[in-house]
Amino acid sequence: MVRMDQNDHAAIRAILAGDKEAYGALVRRHSPSLFRVAFRVTGNEADADDVVQEAFLRGYRKLQSFESRSNFGTWIYRIAVRCALDRIGGKKVDESHRVAEASDPEQEQVQVADDAAGPDRLLLSGEIRALHEAAMRSLTATERTAFVLRHMEECSTGEIAGALGIAPNAAKQAVFRAVRKLRLRLAPLRVNL
Amino acid sequence: MNHLNEEELIEHYYSRGAGGDAAQEHLEQCAQCAEGFETLESDMDEFASVEPPVRDSEYGERVWQSISSALPVYEKRKRSWLYLDLWQGLAYAAACALLAGGAFFAGRLWEHKQAQVVATNPPPPVQERVAPPPPVQERVVVVVLSDHLDRSERLLVELKHADADSVETVSPLRDEARGLLAANRICRKNAKRSDDPALETALDHLDRVLAELAGQRGRMDAADLTRLQNEMSADGLLFQVRVLRSRIPNRRAAQAAQPDGGEI
């Protein structure tokens with residue numbers, strides 16, 4: 001890790017000295033981790049690819065402000081989270097991706113669409129995943145990103161706050177709200193299963 | 001017993017394994033909260049299975065190819081004059097400080113060494129100290145003047161005791177006076193330049209006596225000799241010459257310091 005940091009810093013010095021190609025090494029090295037977090041935040045491969053590219057473009061433009069004592073991997077990761085946050089925040093929830101989930105107010109149970117329902121277990125798993133995705137899309141951009149970073153990326157509250165540019169307590173509250181909303185959405189499904 | 005609320009359960013869910021959690025102790029004692037936590041755990045674990053699609057090893061290269069053309073080349077950072085001046089100034093300041101410190105240290109060492117030398121070889125008493133010799137030109141003038149006054153004194157003494165009837169006595173005096181006359185004029189010029197009125201006056205008087213003695217033609221009669229002797233006595237010329245001779249310091253030292261070639 002130390003060696004990688006040194007390589008990253010050497011590449012950054014070369015870039016700032018006019019060697020644009022040195023940035024290629026950084027892109028190749030950090031693209032997989034950026035794609036992973038971008039996909040988890042956006043929930044979409046195409047969007048994740050766009051986020052990765054956008055993050056590296058932004059990173060290149062801001063490279064002069066990068067402090068040499070920082071870790072480039074952490075720095076570009078934060079930029080990718082912001083890019084993903086911008087993307088899902090500026091995008092209206094696409095209704096076509098929503099699974100029919102009209103709730104019965106009395107029973108509070110999810111009514112899975114008939115054309116997707118079936119006895120087959122695999123098909124049911126697909127439906128459950130679709131419901132998860134729908135529940136995730138019901139979150140605000142900040143809640144979704146905070147939840148992804150906490151639950152899937154296993155970031156600490158401080159790291160989430162740093163990535164989102166908010167106070168640690170606000171980051172913690174965002175995670176709480178996200179979990180509460182998700183559980184509320186998935187509670188009827190739990191009864192059905 | 002206060003039950004754990006949802007936030008505390010969520011916090012406990014994400015901080016499991018950290019140790020020292022009071023919530024864990026509560027869950028072990030409270031069945032209601034334990035059941036609530038079990039449900040939360042079940043819900044949350046469902047989300048853990050979501051994995052992103054796998055990207056091959058060329059993914060990074062493809063990302064680079066897609067963005068590289070849009071990236072401008074950074075110009076090499078130029079150090080500003082202010083930056084250079086700052087470092088140059090600091091370098092100069094450091095060099096000056098080093099130089100000053102070195103000079104101070106060297107001075108202290110030299111002073112210490114001198115003190116040791118003085119302690120080993122104490123300086124001579126004040127009365128034994130010799131004044132520094134005068135410059136070469138001045139030393140030459142002193143030697144010439146001293147010699148001139150010596151010869152003049154001898155001449156004046158002989159003239160004072162001369163017998164007008166003896167030709168053998170007066171004739172050599174006249175020849176000596178002629179020889180001294182030229183030297184006396186040179187000494188007069190020097191006395192005038194050195195702003196020494198006493199010497200100048202004495203040499204003037206000597207010049208008159210020497211000129212008169214040198215100008216005698218044939219045999220000098222008694223009247224002429226007496227007149228010269230009176231004139232010499234009236235001016236106190238012999239006394240003046242002796243005083244001037246005593247004023248000339250360290251003739252021997254001056255002679256010793258005279259370069260090869262001796263007197264002029």
# chains A, B, ... in the order shown; residues from 1 in each chain; ligands from 1
$ interface_residues --of "chain B" --to "chain A" --cutoff "8 Å" --atoms "only C-alpha atoms" --output "PyMOL selection string"
chain B and resi 7+10+14+40+43+47-48+51-53+55+59-61+63-64+66-68+71-77
$ residues_around --residues "Leu159 in chain B" --least-positions-apart "3" --cutoff "10 Å" --atoms "only C-alpha atoms" --output "mmCIF file with N, CA and C atoms, in the first residue's frame"
data_model
loop_
_atom_site.group_PDB
_atom_site.id
_atom_site.type_symbol
_atom_site.label_atom_id
_atom_site.label_comp_id
_atom_site.auth_asym_id
_atom_site.auth_seq_id
_atom_site.Cartn_x
_atom_site.Cartn_y
_atom_site.Cartn_z
ATOM 1 N N GLU B 153 80.370 72.300 12.449
ATOM 2 C CA GLU B 153 80.807 72.594 13.812
ATOM 3 C C GLU B 153 82.343 72.582 13.901
ATOM 4 N N ARG B 154 82.931 71.577 13.279
ATOM 5 C CA ARG B 154 84.402 71.502 13.312
ATOM 6 C C ARG B 154 85.035 72.740 12.640
ATOM 7 N N LEU B 155 84.405 73.124 11.520
ATOM 8 C CA LEU B 155 84.912 74.309 10.791
ATOM 9 C C LEU B 155 84.821 75.563 11.657
ATOM 10 N N LEU B 156 83.637 75.708 12.296
ATOM 11 C CA LEU B 156 83.415 76.913 13.115
ATOM 12 C C LEU B 156 84.365 76.933 14.318
ATOM 13 N N ALA B 162 91.267 80.272 14.913
ATOM 14 C CA ALA B 162 92.249 80.435 13.824
ATOM 15 C C ALA B 162 93.141 81.663 14.082
ATOM 16 N N ASP B 163 94.390 81.572 13.492
ATOM 17 C CA ASP B 163 95.343 82.680 13.592
ATOM 18 C C ASP B 163 95.482 83.286 12.207
ATOM 19 N N ALA B 164 95.191 84.575 12.100
ATOM 20 C CA ALA B 164 95.193 85.225 10.795
ATOM 21 C C ALA B 164 96.585 85.259 10.176
ATOM 22 N N THR B 169 96.739 77.763 8.221
ATOM 23 C CA THR B 169 95.539 77.532 9.008
ATOM 24 C C THR B 169 94.285 77.958 8.261
ATOM 25 N N VAL B 170 94.300 79.105 7.641
ATOM 26 C CA VAL B 170 93.101 79.684 6.999
ATOM 27 C C VAL B 170 92.785 79.029 5.666
ATOM 28 N N LEU B 173 90.583 76.045 5.759
ATOM 29 C CA LEU B 173 89.224 76.423 6.194
ATOM 30 C C LEU B 173 88.391 76.939 5.024
ATOM 31 N N ARG B 174 89.091 77.706 4.188
ATOM 32 C CA ARG B 174 88.393 78.266 3.019
ATOM 33 C C ARG B 174 87.954 77.142 2.073
ATOM 34 N N LEU B 213 83.591 83.137 4.043
ATOM 35 C CA LEU B 213 84.867 82.440 4.160
ATOM 36 C C LEU B 213 85.308 81.860 2.817
ATOM 37 N N LEU B 225 89.428 88.191 9.433
ATOM 38 C CA LEU B 225 89.222 87.034 10.305
ATOM 39 C C LEU B 225 88.477 87.424 11.588
ATOM 40 N N THR B 226 88.901 88.582 12.133
ATOM 41 C CA THR B 226 88.248 89.042 13.365
ATOM 42 C C THR B 226 86.774 89.347 13.101
ATOM 43 N N LEU B 228 84.864 88.014 10.862
ATOM 44 C CA LEU B 228 84.118 86.746 10.734
ATOM 45 C C LEU B 228 83.869 86.090 12.104
ATOM 46 N N GLN B 229 84.925 86.138 12.918
ATOM 47 C CA GLN B 229 84.793 85.544 14.255
ATOM 48 C C GLN B 229 83.751 86.289 15.094
ATOM 49 N N MET B 232 80.319 85.451 13.764
ATOM 50 C CA MET B 232 79.958 84.104 14.203
ATOM 51 C C MET B 232 79.543 84.111 15.684
#
$ residues_around --residues "range 28-30 of chain B" --least-positions-apart "4" --cutoff "8 Å" --atoms "only C-alpha atoms" --output "PyMOL selection string"
chain B and resi 3+24+34
$ write_last_selection --atoms "N, CA and C atoms" --output "mmCIF file, in the first residue's frame"
data_model
loop_
_atom_site.group_PDB
_atom_site.id
_atom_site.type_symbol
_atom_site.label_atom_id
_atom_site.label_comp_id
_atom_site.auth_asym_id
_atom_site.auth_seq_id
_atom_site.Cartn_x
_atom_site.Cartn_y
_atom_site.Cartn_z
ATOM 1 N N HIS B 3 -35.807 -0.320 26.901
ATOM 2 C CA HIS B 3 -35.516 -1.100 25.693
ATOM 3 C C HIS B 3 -34.706 -0.277 24.712
ATOM 4 N N GLN B 24 -25.042 -5.022 23.517
ATOM 5 C CA GLN B 24 -24.934 -6.477 23.452
ATOM 6 C C GLN B 24 -25.352 -7.112 24.778
ATOM 7 N N ALA B 34 -33.941 -8.526 21.698
ATOM 8 C CA ALA B 34 -33.192 -9.523 20.929
ATOM 9 C C ALA B 34 -33.972 -9.929 19.692
#
$ atom_distance --atom1 "CA of Ala46 in chain A" --atom2 "CA of Ile12 in chain A"
28.3 Å
$ atom_distance --atom1 "CA of Gly236 in chain B" --atom2 "CA of Leu206 in chain B"
10.4 Å
$ atom_distance --atom1 "CA of Ala174 in chain A" --atom2 "CA of Glu8 in chain B"
14.2 Å
$ residues_around --residues "range 177-194 of chain B" --least-positions-apart "2" --cutoff "7 Å" --atoms "only C-alpha atoms" --output "list in words"
Leu145, His148, Leu173, Arg174, Asp175, Asp196, Leu199, Glu200, Leu203, Asp207, Leu210, Ala211, Leu213 and Ala214 of chain B
